[in-house]
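Source file: work-v2.cif. Holds: mmCIF, C-alpha atoms.
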data_structure
loop_
_atom_site.label_atom_id
_atom_site.label_comp_id
_atom_site.auth_asym_id
_atom_site.auth_seq_id
_atom_site.Cartn_x
_atom_site.Cartn_y
_atom_site.Cartn_z
CA MET D 2 -58.96 140.72 192.96
CA ILE D 3 -62.51 141.32 194.14
CA PRO D 4 -63.68 138.44 196.37
CA TYR D 5 -65.64 135.64 194.80
CA ALA D 6 -69.07 136.48 193.55
CA PRO D 7 -71.04 134.03 191.42
CA PRO D 8 -71.42 134.83 187.72
CA ILE D 9 -74.69 136.69 187.28
CA ARG D 10 -76.27 134.08 185.00
CA GLU D 11 -75.38 131.27 187.42
CA TRP D 12 -76.77 133.25 190.34
CA PHE D 13 -80.10 133.98 188.66
CA ASP D 14 -80.40 130.42 187.38
CA SER D 15 -79.87 129.10 190.91
CA LEU D 16 -82.95 131.06 192.00
CA GLU D 17 -85.19 130.27 189.05
CA VAL D 18 -86.30 126.93 190.44
CA ASP D 19 -87.11 128.57 193.76
CA ASN D 20 -89.14 131.25 192.00
CA SER D 21 -91.38 128.73 190.23
CA ARG D 22 -91.56 126.39 193.20
CA TYR D 23 -93.16 129.14 195.25
CA SER D 24 -95.10 130.75 192.43
CA SER D 25 -98.15 131.18 194.65
CA PHE D 26 -96.21 133.97 196.38
CA ARG D 27 -95.96 135.88 193.10
CA PRO D 28 -99.35 137.68 193.20
CA LEU D 29 -98.67 139.21 196.62
CA LYS D 30 -98.33 142.97 196.28
CA MET D 31 -97.50 145.69 198.80
CA SER D 32 -100.77 147.06 200.13
CA ARG D 33 -101.55 150.39 201.72
CA LEU D 34 -102.94 148.33 204.57
CA GLN D 35 -99.66 146.49 205.00
CA PRO D 36 -97.31 147.97 207.62
CA LEU D 37 -94.04 149.38 206.32
CA SER D 38 -92.07 147.40 208.88
CA GLY D 39 -91.73 144.50 206.44
CA THR D 40 -94.31 142.26 208.12
CA TYR D 41 -96.42 139.85 206.08
CA LYS D 42 -100.15 139.81 205.46
CA THR D 43 -100.54 136.24 206.71
CA LEU D 44 -98.48 133.61 208.48
CA GLU D 45 -98.62 131.58 205.28
CA ASP D 46 -96.91 134.39 203.38
CA GLN D 47 -94.15 134.50 205.97
CA LYS D 48 -93.69 130.74 205.77
CA LYS D 49 -93.27 131.00 202.01
CA MET D 50 -90.62 133.67 202.34
CA ASP D 51 -88.89 131.75 205.11
CA ALA D 52 -88.74 128.75 202.79
CA LEU D 53 -87.29 130.88 200.01
CA TRP D 54 -84.71 132.62 202.13
CA PRO D 55 -82.06 129.89 202.47
CA LEU D 56 -82.41 129.09 198.77
CA THR D 57 -81.54 132.66 197.79
CA ARG D 58 -78.15 132.15 199.45
CA VAL D 59 -77.07 129.31 197.16
CA ALA D 60 -74.41 131.49 195.53
CA GLU D 61 -74.28 134.43 197.92
CA THR D 62 -71.14 136.33 198.82
CA ASN D 63 -70.50 138.19 202.05
CA ALA D 64 -70.44 141.90 201.26
CA GLN D 65 -68.11 142.49 204.21
CA SER D 66 -65.30 140.91 202.20
CA TYR D 67 -66.08 143.43 199.48
CA ASN D 68 -65.50 146.25 201.97
CA GLU D 69 -62.20 144.78 203.09
CA HIS D 70 -61.05 144.41 199.51
CA VAL D 71 -62.05 147.91 198.39
CA PHE D 72 -60.79 149.86 201.40
CA GLY D 73 -57.85 147.65 202.34
CA ALA D 74 -55.65 149.08 205.08
CA ASP D 75 -57.88 152.18 205.28
CA ILE D 76 -60.97 150.26 206.36
CA SER D 77 -60.57 151.07 210.07
CA THR D 78 -60.42 154.80 209.32
CA VAL D 79 -63.43 154.54 207.02
CA LEU D 80 -65.48 152.66 209.59
CA GLU D 81 -64.57 155.16 212.32
CA LYS D 82 -65.79 158.01 210.10
CA LEU D 83 -68.95 156.03 209.33
CA GLU D 84 -69.64 155.64 213.05
CA GLU D 85 -69.08 159.36 213.62
CA ASP D 86 -71.44 160.28 210.77
CA THR D 87 -74.03 157.77 211.98
CA GLN D 88 -74.06 159.44 215.39
CA ARG D 89 -74.53 162.84 213.73
CA PHE D 90 -77.41 161.42 211.71
CA ASN D 91 -79.08 159.82 214.74
CA ALA D 92 -78.98 163.15 216.55
CA ALA D 93 -80.57 164.96 213.61
CA VAL D 94 -83.19 162.55 212.23
CA LYS D 95 -86.81 162.99 213.28
CA TYR D 96 -88.62 160.86 210.68
CA PRO D 97 -86.83 157.55 209.97
CA GLY D 98 -87.14 156.22 206.45
CA THR D 99 -87.96 152.69 205.34
CA ASN D 100 -84.32 151.57 205.08
CA SER D 101 -82.60 149.82 207.98
CA PRO D 102 -79.47 151.15 209.75
CA ILE D 103 -77.43 148.42 208.04
CA ASP D 104 -78.78 149.43 204.63
CA ARG D 105 -77.89 153.08 205.24
CA GLN D 106 -74.35 152.21 206.32
CA ARG D 107 -73.90 149.97 203.29
CA LEU D 108 -75.00 152.84 201.01
CA TYR D 109 -72.50 155.12 202.75
CA LEU D 110 -69.65 152.69 202.03
CA LEU D 111 -70.73 152.11 198.44
CA ALA D 112 -71.02 155.85 197.84
CA LYS D 113 -67.48 156.28 199.15
CA THR D 114 -66.24 153.98 196.36
CA SER D 115 -68.25 155.68 193.61
CA PRO D 116 -66.01 156.94 190.78
CA GLY D 117 -68.46 159.67 189.83
CA GLU D 118 -71.69 161.49 190.54
CA ILE D 119 -74.56 159.51 192.06
CA MET D 120 -78.24 159.17 191.21
CA GLU D 121 -80.84 158.01 193.72
CA ILE D 122 -84.37 157.17 192.56
CA GLY D 123 -86.76 157.19 195.51
CA VAL D 124 -86.04 159.64 198.35
CA TYR D 125 -88.99 159.51 200.79
CA THR D 126 -87.79 161.23 204.00
CA GLY D 127 -84.22 161.66 202.73
CA THR D 128 -82.45 159.31 205.14
CA SER D 129 -80.74 157.14 202.53
CA THR D 130 -79.89 160.29 200.57
CA ALA D 131 -78.18 161.69 203.66
CA PHE D 132 -75.98 158.63 204.09
CA ILE D 133 -75.06 158.58 200.41
CA ALA D 134 -74.17 162.28 200.53
CA MET D 135 -72.15 161.87 203.74
CA GLY D 136 -70.21 159.04 202.12
CA THR D 137 -69.21 160.81 198.92
CA GLY D 138 -67.66 164.04 197.74
CA HIS D 139 -69.59 163.77 194.49
CA GLN D 140 -72.91 165.40 193.66
CA VAL D 141 -75.98 163.31 194.54
CA TYR D 142 -78.97 163.67 192.21
CA ALA D 143 -81.99 162.69 194.32
CA VAL D 144 -85.15 162.05 192.30
CA ASP D 145 -88.66 161.72 193.73
CA PRO D 146 -91.94 163.61 193.18
CA ASN D 147 -92.32 163.58 196.99
CA ASN D 148 -95.79 165.05 196.89
CA PRO D 149 -97.35 165.97 200.27
CA VAL D 150 -99.23 163.31 202.24
CA GLU D 151 -102.83 164.52 201.90
CA THR D 152 -105.04 161.50 202.65
CA GLU D 153 -105.06 158.50 204.96
CA ASP D 154 -104.99 156.22 201.91
CA ASP D 155 -101.44 157.35 201.13
CA TRP D 156 -98.96 154.55 201.96
CA ARG D 157 -96.81 157.10 203.83
CA TYR D 158 -99.61 158.20 206.14
CA ASP D 159 -99.01 155.63 208.90
CA LYS D 160 -95.55 157.00 209.63
CA LEU D 161 -95.91 160.65 208.70
CA GLY D 162 -99.53 161.68 208.99
CA ILE D 163 -100.89 164.52 206.85
CA GLN D 164 -98.00 166.82 206.00
CA PRO D 165 -95.60 167.82 203.21
CA ILE D 166 -92.52 165.59 202.74
CA MET D 167 -89.91 167.92 201.27
CA PRO D 168 -89.44 170.04 204.43
CA ILE D 169 -88.58 166.80 206.28
CA CYS D 170 -85.81 166.07 203.77
CA GLU D 171 -84.55 169.63 203.61
CA ASN D 172 -84.42 170.05 207.39
CA LEU D 173 -82.45 166.82 207.81
CA TRP D 174 -79.95 167.66 205.06
CA SER D 175 -79.56 171.20 206.38
CA GLU D 176 -78.93 170.04 209.94
CA LEU D 177 -76.24 167.67 208.64
CA ASN D 178 -74.79 170.49 206.52
CA LEU D 179 -75.03 168.45 203.32
CA THR D 180 -74.47 170.71 200.32
CA ASN D 181 -73.89 168.05 197.66
CA ILE D 182 -77.55 166.98 197.24
CA HIS D 183 -79.38 168.15 194.13
CA MET D 184 -83.07 167.36 194.66
CA ILE D 185 -85.20 166.87 191.55
CA GLN D 186 -88.85 166.76 192.56
CA ASP D 187 -90.28 164.75 189.68
CA PHE D 188 -90.77 161.20 188.42
CA SER D 189 -87.62 159.43 187.22
CA TYR D 190 -88.99 158.90 183.71
CA ASN D 191 -89.25 162.69 183.27
CA VAL D 192 -85.70 163.69 184.24
CA CYS D 193 -83.37 162.03 181.71
CA ASP D 194 -82.09 165.38 180.47
CA ARG D 195 -81.42 166.59 184.03
CA ILE D 196 -79.07 163.71 184.97
CA PRO D 197 -75.41 163.57 183.87
CA ASP D 198 -74.65 161.28 180.93
CA GLU D 199 -72.05 159.54 183.12
CA ILE D 200 -72.62 158.55 186.75
CA GLY D 201 -70.59 156.50 189.22
CA MET D 202 -73.47 154.94 191.14
CA LEU D 203 -77.21 154.40 190.75
CA PHE D 204 -79.40 153.51 193.73
CA LEU D 205 -82.79 152.30 192.52
CA ASP D 206 -85.45 152.50 195.25
CA GLY D 207 -88.45 154.11 193.60
CA ASN D 208 -91.57 152.49 192.18
CA HIS D 209 -91.03 148.74 192.67
CA SER D 210 -93.46 147.53 190.01
CA LEU D 211 -91.89 145.48 187.25
CA GLU D 212 -92.71 148.05 184.55
CA ALA D 213 -91.32 151.00 186.50
CA GLN D 214 -88.10 149.19 187.37
CA GLN D 215 -87.61 148.08 183.78
CA LYS D 216 -87.96 151.67 182.61
CA ASP D 217 -85.49 152.98 185.20
CA LEU D 218 -82.97 150.27 184.33
CA GLU D 219 -83.17 151.01 180.60
CA GLN D 220 -82.93 154.78 181.07
CA TYR D 221 -80.13 155.02 183.62
CA VAL D 222 -77.96 151.91 184.14
CA GLY D 223 -76.21 152.53 180.82
CA ARG D 224 -74.87 155.80 182.27
CA ILE D 225 -72.82 154.00 184.94
CA ILE D 226 -69.12 154.26 184.12
CA SER D 227 -66.44 151.58 184.52
CA GLY D 228 -65.83 150.90 188.21
CA GLY D 229 -69.30 152.19 189.04
CA ILE D 230 -71.99 150.50 191.08
CA PHE D 231 -75.65 149.65 190.64
CA VAL D 232 -77.68 149.10 193.82
CA THR D 233 -81.30 148.11 194.29
CA HIS D 234 -83.39 147.91 197.45
CA GLU D 235 -86.16 145.70 198.88
CA TRP D 236 -84.64 142.57 197.41
CA THR D 237 -86.40 140.44 200.03
CA CYS D 238 -89.33 142.72 200.86
CA PRO D 239 -92.72 140.96 200.86
CA GLY D 240 -94.76 141.92 197.85
CA SER D 241 -91.97 143.47 195.77
CA TRP D 242 -89.21 140.85 195.63
CA VAL D 243 -90.69 139.00 192.64
CA ASP D 244 -90.93 142.10 190.46
CA THR D 245 -87.45 143.15 191.56
CA PHE D 246 -86.07 139.70 190.74
CA ASP D 247 -87.71 139.70 187.31
CA ALA D 248 -86.55 143.25 186.52
CA MET D 249 -82.94 142.58 187.57
CA LYS D 250 -82.76 139.29 185.71
CA GLY D 251 -84.34 140.77 182.61
CA TYR D 252 -81.72 143.52 182.49
CA PHE D 253 -78.51 141.97 183.82
CA TYR D 254 -78.73 138.35 182.67
CA ASP D 255 -77.50 139.07 179.13
CA LYS D 256 -75.03 141.70 180.34
CA ALA D 257 -73.22 139.39 182.76
CA ASP D 258 -69.81 140.00 181.17
CA GLU D 259 -70.01 143.71 181.99
CA TRP D 260 -70.58 143.31 185.74
CA ILE D 261 -68.98 141.78 188.84
CA GLY D 262 -71.37 140.36 191.42
CA PRO D 263 -74.02 140.20 192.61
CA PHE D 264 -73.18 141.05 196.19
CA ARG D 265 -75.59 141.25 199.08
CA ASP D 266 -75.44 141.32 202.86
CA ASP D 267 -75.95 138.36 205.16
CA GLY D 268 -79.02 138.65 207.36
CA TYR D 269 -82.78 138.30 207.09
CA ASN D 270 -83.73 141.97 206.88
CA TYR D 271 -80.89 143.34 204.75
CA LEU D 272 -82.47 144.35 201.51
CA LEU D 273 -79.64 145.70 199.34
CA TRP D 274 -78.34 143.93 196.22
CA PHE D 275 -75.52 145.39 194.16
CA VAL D 276 -73.20 144.77 191.23
CA LYS D 277 -70.01 146.51 190.14
CA LYS D 278 -69.16 147.44 186.58
#

So that I can check it, write out the structure of this file as C-alpha coordinates.
Amino acid sequence: MIPYAPPIREWFDSLEVDNSRYSSFRPLKMSRLQPLSGTYKTLEDQKKMDALWPLTRVAETNAQSYNEHVFGADISTVLEKLEEDTQRFNAAVKYPGTNSPIDRQRLYLLAKTSPGEIMEIGVYTGTSTAFIAMGTGHQVYAVDPNNPVETEDDWRYDKLGIQPIMPICENLWSELNLTNIHMIQDFSYNVCDRIPDEIGMLFLDGNHSLEAQQKDLEQYVGRIISGGIFVTHEWTCPGSWVDTFDAMKGYFYDKADEWIGPFRDDGYNYLLWFVKK
(Lines of atoms letter the chains of each structure in order from A and count residues from 1; the text may use other names and numbers.)
(Lines give C-alpha, C1' and ligand atoms only; values in the text may rest on other atoms or scores of the structure.)
Protein backbone atom coordinates (compact mmCIF):
# COMPACT_ATOMS: atom_id res chain seq x y z
CA MET A 1 0.00 0.00 0.00
CA ILE A 2 1.33 3.43 -0.92
CA PRO A 3 1.92 5.52 2.22
CA TYR A 4 -0.80 7.88 3.34
CA ALA A 5 -1.48 10.83 1.12
CA PRO A 6 -4.52 13.04 1.68
CA PRO A 7 -7.39 12.75 -0.79
CA ILE A 8 -6.88 15.38 -3.45
CA ARG A 9 -10.12 17.25 -2.72
CA GLU A 10 -9.34 17.36 1.01
CA TRP A 11 -5.83 18.60 0.30
CA PHE A 12 -6.94 21.42 -1.99
CA ASP A 13 -9.77 22.40 0.35
CA SER A 14 -7.30 22.65 3.24
CA LEU A 15 -5.40 25.28 1.25
CA GLU A 16 -8.36 27.25 -0.05
CA VAL A 17 -8.73 29.30 3.12
CA ASP A 18 -5.03 30.10 3.04
CA ASN A 19 -5.29 31.20 -0.58
CA SER A 20 -8.05 33.73 0.13
CA ARG A 21 -6.55 34.84 3.43
CA TYR A 22 -3.44 35.99 1.61
CA SER A 23 -5.15 37.11 -1.58
CA SER A 24 -2.97 40.23 -1.74
CA PHE A 25 -0.13 37.92 -2.78
CA ARG A 26 -2.11 36.80 -5.83
CA PRO A 27 -1.15 39.65 -8.23
CA LEU A 28 2.58 39.06 -7.76
CA LYS A 29 4.08 37.80 -11.01
CA MET A 30 7.59 36.67 -11.92
CA SER A 31 9.42 39.66 -13.35
CA ARG A 32 12.42 39.82 -15.64
CA LEU A 33 13.94 42.01 -12.96
CA GLN A 34 13.43 39.35 -10.32
CA PRO A 35 16.44 37.07 -9.74
CA LEU A 36 15.96 33.41 -10.65
CA SER A 37 17.25 32.31 -7.26
CA GLY A 38 13.73 32.37 -5.84
CA THR A 39 14.13 35.59 -3.87
CA TYR A 40 11.20 37.95 -3.34
CA LYS A 41 10.64 41.47 -4.60
CA THR A 42 10.04 42.85 -1.11
CA LEU A 43 10.33 41.72 2.48
CA GLU A 44 6.55 41.93 2.69
CA ASP A 45 6.22 39.38 -0.10
CA GLN A 46 8.54 37.02 1.75
CA LYS A 47 6.57 37.45 4.96
CA LYS A 48 3.39 36.50 3.12
CA MET A 49 4.95 33.36 1.73
CA ASP A 50 6.46 32.50 5.10
CA ALA A 51 2.99 32.78 6.61
CA LEU A 52 1.56 30.52 3.91
CA TRP A 53 4.25 27.89 4.12
CA PRO A 54 3.23 26.03 7.30
CA LEU A 55 -0.39 26.09 6.18
CA THR A 56 0.45 24.28 2.95
CA ARG A 57 1.66 21.35 5.06
CA VAL A 58 -1.72 20.69 6.69
CA ALA A 59 -2.12 17.41 4.82
CA GLU A 60 1.39 16.89 3.47
CA THR A 61 3.08 13.52 3.12
CA ASN A 62 6.80 12.87 3.21
CA ALA A 63 7.89 11.83 -0.28
CA GLN A 64 10.75 9.82 1.21
CA SER A 65 8.22 7.23 2.38
CA TYR A 66 7.03 7.04 -1.21
CA ASN A 67 10.58 6.12 -2.30
CA GLU A 68 10.84 3.44 0.36
CA HIS A 69 7.52 1.97 -0.67
CA VAL A 70 8.21 1.96 -4.42
CA PHE A 71 11.78 0.66 -4.34
CA GLY A 72 11.55 -1.53 -1.24
CA ALA A 73 14.64 -3.64 -0.60
CA ASP A 74 16.30 -2.20 -3.73
CA ILE A 75 16.33 1.37 -2.44
CA SER A 76 19.98 1.26 -1.31
CA THR A 77 21.10 0.13 -4.77
CA VAL A 78 18.96 2.79 -6.43
CA LEU A 79 20.33 5.55 -4.20
CA GLU A 80 23.92 4.42 -4.82
CA LYS A 81 23.33 4.64 -8.58
CA LEU A 82 21.72 8.05 -8.11
CA GLU A 83 24.80 9.28 -6.25
CA GLU A 84 27.08 7.93 -8.98
CA ASP A 85 25.02 9.62 -11.72
CA THR A 86 24.88 12.87 -9.73
CA GLN A 87 28.68 12.93 -9.58
CA ARG A 88 28.84 12.36 -13.35
CA PHE A 89 26.40 15.22 -13.86
CA ASN A 90 28.30 17.59 -11.56
CA ALA A 91 31.48 16.93 -13.51
CA ALA A 92 29.76 17.66 -16.83
CA VAL A 93 27.41 20.57 -16.13
CA LYS A 94 28.55 24.09 -17.00
CA TYR A 95 25.26 26.01 -16.88
CA PRO A 96 23.04 24.98 -13.93
CA GLY A 97 19.32 25.15 -14.50
CA THR A 98 16.66 26.64 -12.25
CA ASN A 99 15.89 23.38 -10.44
CA SER A 100 17.59 22.50 -7.16
CA PRO A 101 19.78 19.40 -6.63
CA ILE A 102 16.97 17.87 -4.55
CA ASP A 103 14.46 18.50 -7.35
CA ARG A 104 16.73 16.84 -9.91
CA GLN A 105 17.25 13.78 -7.72
CA ARG A 106 13.52 13.49 -7.10
CA LEU A 107 12.90 13.59 -10.87
CA TYR A 108 15.51 10.85 -11.33
CA LEU A 109 13.71 8.60 -8.83
CA LEU A 110 10.28 9.31 -10.28
CA ALA A 111 11.54 8.63 -13.80
CA LYS A 112 12.88 5.29 -12.61
CA THR A 113 9.34 4.29 -11.61
CA SER A 114 7.73 5.46 -14.86
CA PRO A 115 5.84 2.65 -16.62
CA GLY A 116 6.32 4.24 -20.04
CA GLU A 117 7.82 7.01 -22.11
CA ILE A 118 8.22 10.43 -20.52
CA MET A 119 7.31 13.95 -21.61
CA GLU A 120 8.97 17.05 -20.19
CA ILE A 121 7.56 20.50 -20.96
CA GLY A 122 10.17 23.17 -20.26
CA VAL A 123 13.83 22.25 -20.84
CA TYR A 124 15.92 25.44 -20.40
CA THR A 125 19.56 24.28 -20.05
CA GLY A 126 18.64 20.58 -20.03
CA THR A 127 19.64 19.74 -16.46
CA SER A 128 16.30 18.27 -15.36
CA THR A 129 16.08 16.46 -18.70
CA ALA A 130 19.46 14.87 -18.00
CA PHE A 131 18.37 13.53 -14.62
CA ILE A 132 15.11 12.19 -16.02
CA ALA A 133 16.98 10.47 -18.85
CA MET A 134 19.60 9.03 -16.49
CA GLY A 135 16.82 7.64 -14.31
CA THR A 136 14.86 5.84 -17.01
CA GLY A 137 15.35 3.43 -19.87
CA HIS A 138 12.37 4.94 -21.66
CA GLN A 139 12.43 7.65 -24.31
CA VAL A 140 12.22 11.21 -22.97
CA TYR A 141 10.34 13.70 -25.16
CA ALA A 142 11.74 17.12 -24.17
CA VAL A 143 9.67 20.05 -25.41
CA ASP A 144 10.77 23.69 -25.42
CA PRO A 145 11.20 26.33 -28.16
CA ASN A 146 14.53 27.19 -26.48
CA ASN A 147 15.16 30.17 -28.72
CA PRO A 148 18.57 31.88 -28.35
CA VAL A 149 19.03 34.57 -25.71
CA GLU A 150 19.32 37.71 -27.86
CA THR A 151 18.54 40.65 -25.55
CA GLU A 152 19.14 41.68 -21.96
CA ASP A 153 15.37 41.76 -21.41
CA ASP A 154 15.22 37.98 -21.78
CA TRP A 155 14.61 36.36 -18.35
CA ARG A 156 17.46 33.92 -19.07
CA TYR A 157 20.02 36.65 -19.69
CA ASP A 158 21.22 37.04 -16.09
CA LYS A 159 22.50 33.47 -15.98
CA LEU A 160 23.43 32.83 -19.59
CA GLY A 161 24.19 36.11 -21.30
CA ILE A 162 23.67 36.47 -25.06
CA GLN A 163 24.01 33.03 -26.61
CA PRO A 164 22.03 30.12 -28.10
CA ILE A 165 20.54 27.63 -25.59
CA MET A 166 20.35 24.38 -27.53
CA PRO A 167 24.15 23.82 -27.75
CA ILE A 168 24.23 24.00 -23.92
CA CYS A 169 21.66 21.19 -23.71
CA GLU A 170 23.22 19.10 -26.45
CA ASN A 171 26.74 19.36 -25.03
CA LEU A 172 25.57 18.29 -21.58
CA TRP A 173 23.55 15.33 -22.88
CA SER A 174 26.39 14.28 -25.16
CA GLU A 175 28.96 14.40 -22.37
CA LEU A 176 26.68 12.21 -20.24
CA ASN A 177 26.16 9.87 -23.21
CA LEU A 178 22.38 10.18 -23.02
CA THR A 179 20.83 8.72 -26.16
CA ASN A 180 17.22 8.47 -24.98
CA ILE A 181 16.34 12.19 -25.26
CA HIS A 182 14.17 13.28 -28.17
CA MET A 183 14.27 17.08 -28.26
CA ILE A 184 11.31 18.86 -29.85
CA GLN A 185 12.15 22.52 -30.28
CA ASP A 186 8.66 24.01 -30.29
CA PHE A 187 5.86 25.18 -27.99
CA SER A 188 3.96 22.41 -26.21
CA TYR A 189 0.62 23.42 -27.74
CA ASN A 190 2.05 22.70 -31.22
CA VAL A 191 3.37 19.17 -30.66
CA CYS A 192 0.35 17.00 -29.79
CA ASP A 193 0.86 14.81 -32.85
CA ARG A 194 4.56 14.33 -32.05
CA ILE A 195 4.01 12.87 -28.55
CA PRO A 196 2.96 9.24 -27.95
CA ASP A 197 -0.72 8.69 -27.16
CA GLU A 198 0.37 6.88 -23.98
CA ILE A 199 3.09 8.12 -21.62
CA GLY A 200 4.27 6.97 -18.21
CA MET A 201 5.23 10.35 -16.78
CA LEU A 202 4.63 14.03 -17.51
CA PHE A 203 6.83 16.73 -15.98
CA LEU A 204 5.20 20.13 -16.43
CA ASP A 205 7.69 22.99 -16.06
CA GLY A 206 7.03 25.29 -18.99
CA ASN A 207 5.01 28.50 -19.11
CA HIS A 208 3.64 28.93 -15.57
CA SER A 209 0.74 31.23 -16.43
CA LEU A 210 -2.67 29.85 -15.54
CA GLU A 211 -3.81 29.69 -19.18
CA ALA A 212 -0.69 27.89 -20.41
CA GLN A 213 -0.80 25.33 -17.60
CA GLN A 214 -4.49 24.67 -18.19
CA LYS A 215 -3.80 24.01 -21.86
CA ASP A 216 -0.90 21.64 -21.10
CA LEU A 217 -2.97 19.75 -18.53
CA GLU A 218 -5.89 19.29 -20.93
CA GLN A 219 -3.68 18.23 -23.84
CA TYR A 220 -1.33 15.79 -22.10
CA VAL A 221 -2.37 14.51 -18.66
CA GLY A 222 -4.99 12.25 -20.23
CA ARG A 223 -2.16 10.37 -21.97
CA ILE A 224 -0.67 9.17 -18.67
CA ILE A 225 -1.28 5.44 -18.26
CA SER A 226 -2.21 3.55 -15.09
CA GLY A 227 0.70 3.59 -12.65
CA GLY A 228 2.06 6.73 -14.30
CA ILE A 229 3.05 9.98 -12.65
CA PHE A 230 2.26 13.65 -13.12
CA VAL A 231 4.80 16.14 -11.74
CA THR A 232 4.75 19.92 -11.67
CA HIS A 233 7.43 22.39 -10.61
CA GLU A 234 7.65 25.76 -8.83
CA TRP A 235 4.85 24.86 -6.45
CA THR A 236 6.14 27.39 -3.92
CA CYS A 237 7.96 29.78 -6.25
CA PRO A 238 7.13 33.45 -5.68
CA GLY A 239 4.95 34.81 -8.43
CA SER A 240 3.86 31.49 -9.94
CA TRP A 241 2.48 29.44 -7.05
CA VAL A 242 -1.03 30.92 -7.26
CA ASP A 243 -1.47 30.14 -10.95
CA THR A 244 0.00 26.68 -10.39
CA PHE A 245 -2.38 26.07 -7.48
CA ASP A 246 -5.39 27.21 -9.50
CA ALA A 247 -4.38 25.15 -12.55
CA MET A 248 -3.80 21.96 -10.53
CA LYS A 249 -6.99 22.34 -8.55
CA GLY A 250 -9.01 23.11 -11.66
CA TYR A 251 -7.81 19.93 -13.34
CA PHE A 252 -7.39 17.37 -10.54
CA TYR A 253 -10.13 18.30 -8.07
CA ASP A 254 -12.90 16.50 -9.97
CA LYS A 255 -10.59 13.64 -10.97
CA ALA A 256 -9.57 12.75 -7.42
CA ASP A 257 -10.68 9.13 -7.75
CA GLU A 258 -8.18 8.54 -10.56
CA TRP A 259 -5.08 9.66 -8.65
CA ILE A 260 -3.09 8.88 -5.50
CA GLY A 261 -1.49 11.84 -3.76
CA PRO A 262 -0.52 14.58 -3.79
CA PHE A 263 3.03 14.02 -2.63
CA ARG A 264 5.67 16.66 -2.12
CA ASP A 265 9.02 16.98 -0.40
CA ASP A 266 9.63 18.48 3.02
CA GLY A 267 11.71 21.64 2.97
CA TYR A 268 11.32 25.31 2.12
CA ASN A 269 12.88 25.32 -1.34
CA TYR A 270 11.66 21.99 -2.71
CA LEU A 271 9.30 22.86 -5.48
CA LEU A 272 8.02 19.54 -6.86
CA TRP A 273 4.45 18.31 -6.44
CA PHE A 274 3.32 14.99 -7.87
CA VAL A 275 0.44 12.53 -8.06
CA LYS A 276 0.31 8.91 -9.17
CA LYS A 277 -2.38 7.41 -11.38

Hits from the PyMOL selection byres ((chain D and resi 205-211) around 7), listed as number ranges by chain = D: 121-123, 203-204, 212-215, 232-234, 241, 244-245, 248

Chain and number of each residue from the PyMOL selection byres ((chain D and resi 90) around 9), as a PyMOL selection string = chain D and resi 85-89+91-94+128+131-132+173+176-177

request  = Decode the PyMOL selection byres ((chain D and resi 138) around 12) for the given file into explicit residues and return them as a PyMOL selection string.
outcome  = chain D and resi 109+112-119+132-137+139-141+179-182+201

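Among the candidates D:Glu153, D:Phe231, D:Gly223, D:Glu81, the one nearest to Gly262 (chain D) when counting all atoms listed in the file is D:Phe231.
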
inquiry  = Report as a list in words all protein, DNA and RNA residues lying within 10 Å of Ile196 (chain D), evaluated on all atoms listed in the file, omitting residues in the same chain fewer than 5 positions from it.
reply    = Glu118, Ile119, Met120, Tyr142, Ala143, Val144, Ile185, Ser189, Tyr221 and Arg224 of chain D

task = Identify which of the residues D:His183, D:Ile166, D:Tyr96, D:Thr78 lies closest to Thr130 (chain D), counting only C-alpha atoms when measuring atom-to-atom distances.
result = D:His183

key: Length of the CA of Lys277 (chain D) to CA of Gly229 (chain D) vector [Å]   = 5.8 Å

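The neighbours of Leu161 (chain D) here are the residues that come within 10 Å of it, using all atoms listed in the file and leaving out any residue fewer than 3 positions away in the same chain; they are D:Tyr96, D:Pro97, D:Thr126, D:Val150, D:Asp155, D:Trp156, D:Arg157, D:Tyr158, D:Gln164, D:Pro165, D:Ile166, D:Ile169.
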
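Put simply, CA of Leu83 (chain D) is 7.3 Å away from CA of Gln106 (chain D).
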
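Reported to one decimal place, the separation of CA of Met202 (chain D) from CA of Ile230 (chain D) is 4.7 Å.
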
key: Neighbour list for Asp258 (chain D) as a ChimeraX atom specification, cut-off 12 Å, only C-alpha atoms, skip fewer than 2 positions in-chain   = /D:7-10,253-256,260-262,276-278

inquiry  = My list of candidates is D:Tyr67, D:Val222, D:Trp274, D:Asp145. Which is closest to Phe246 (chain D) when distances are computed with only C-alpha atoms?
reply    = D:Trp274
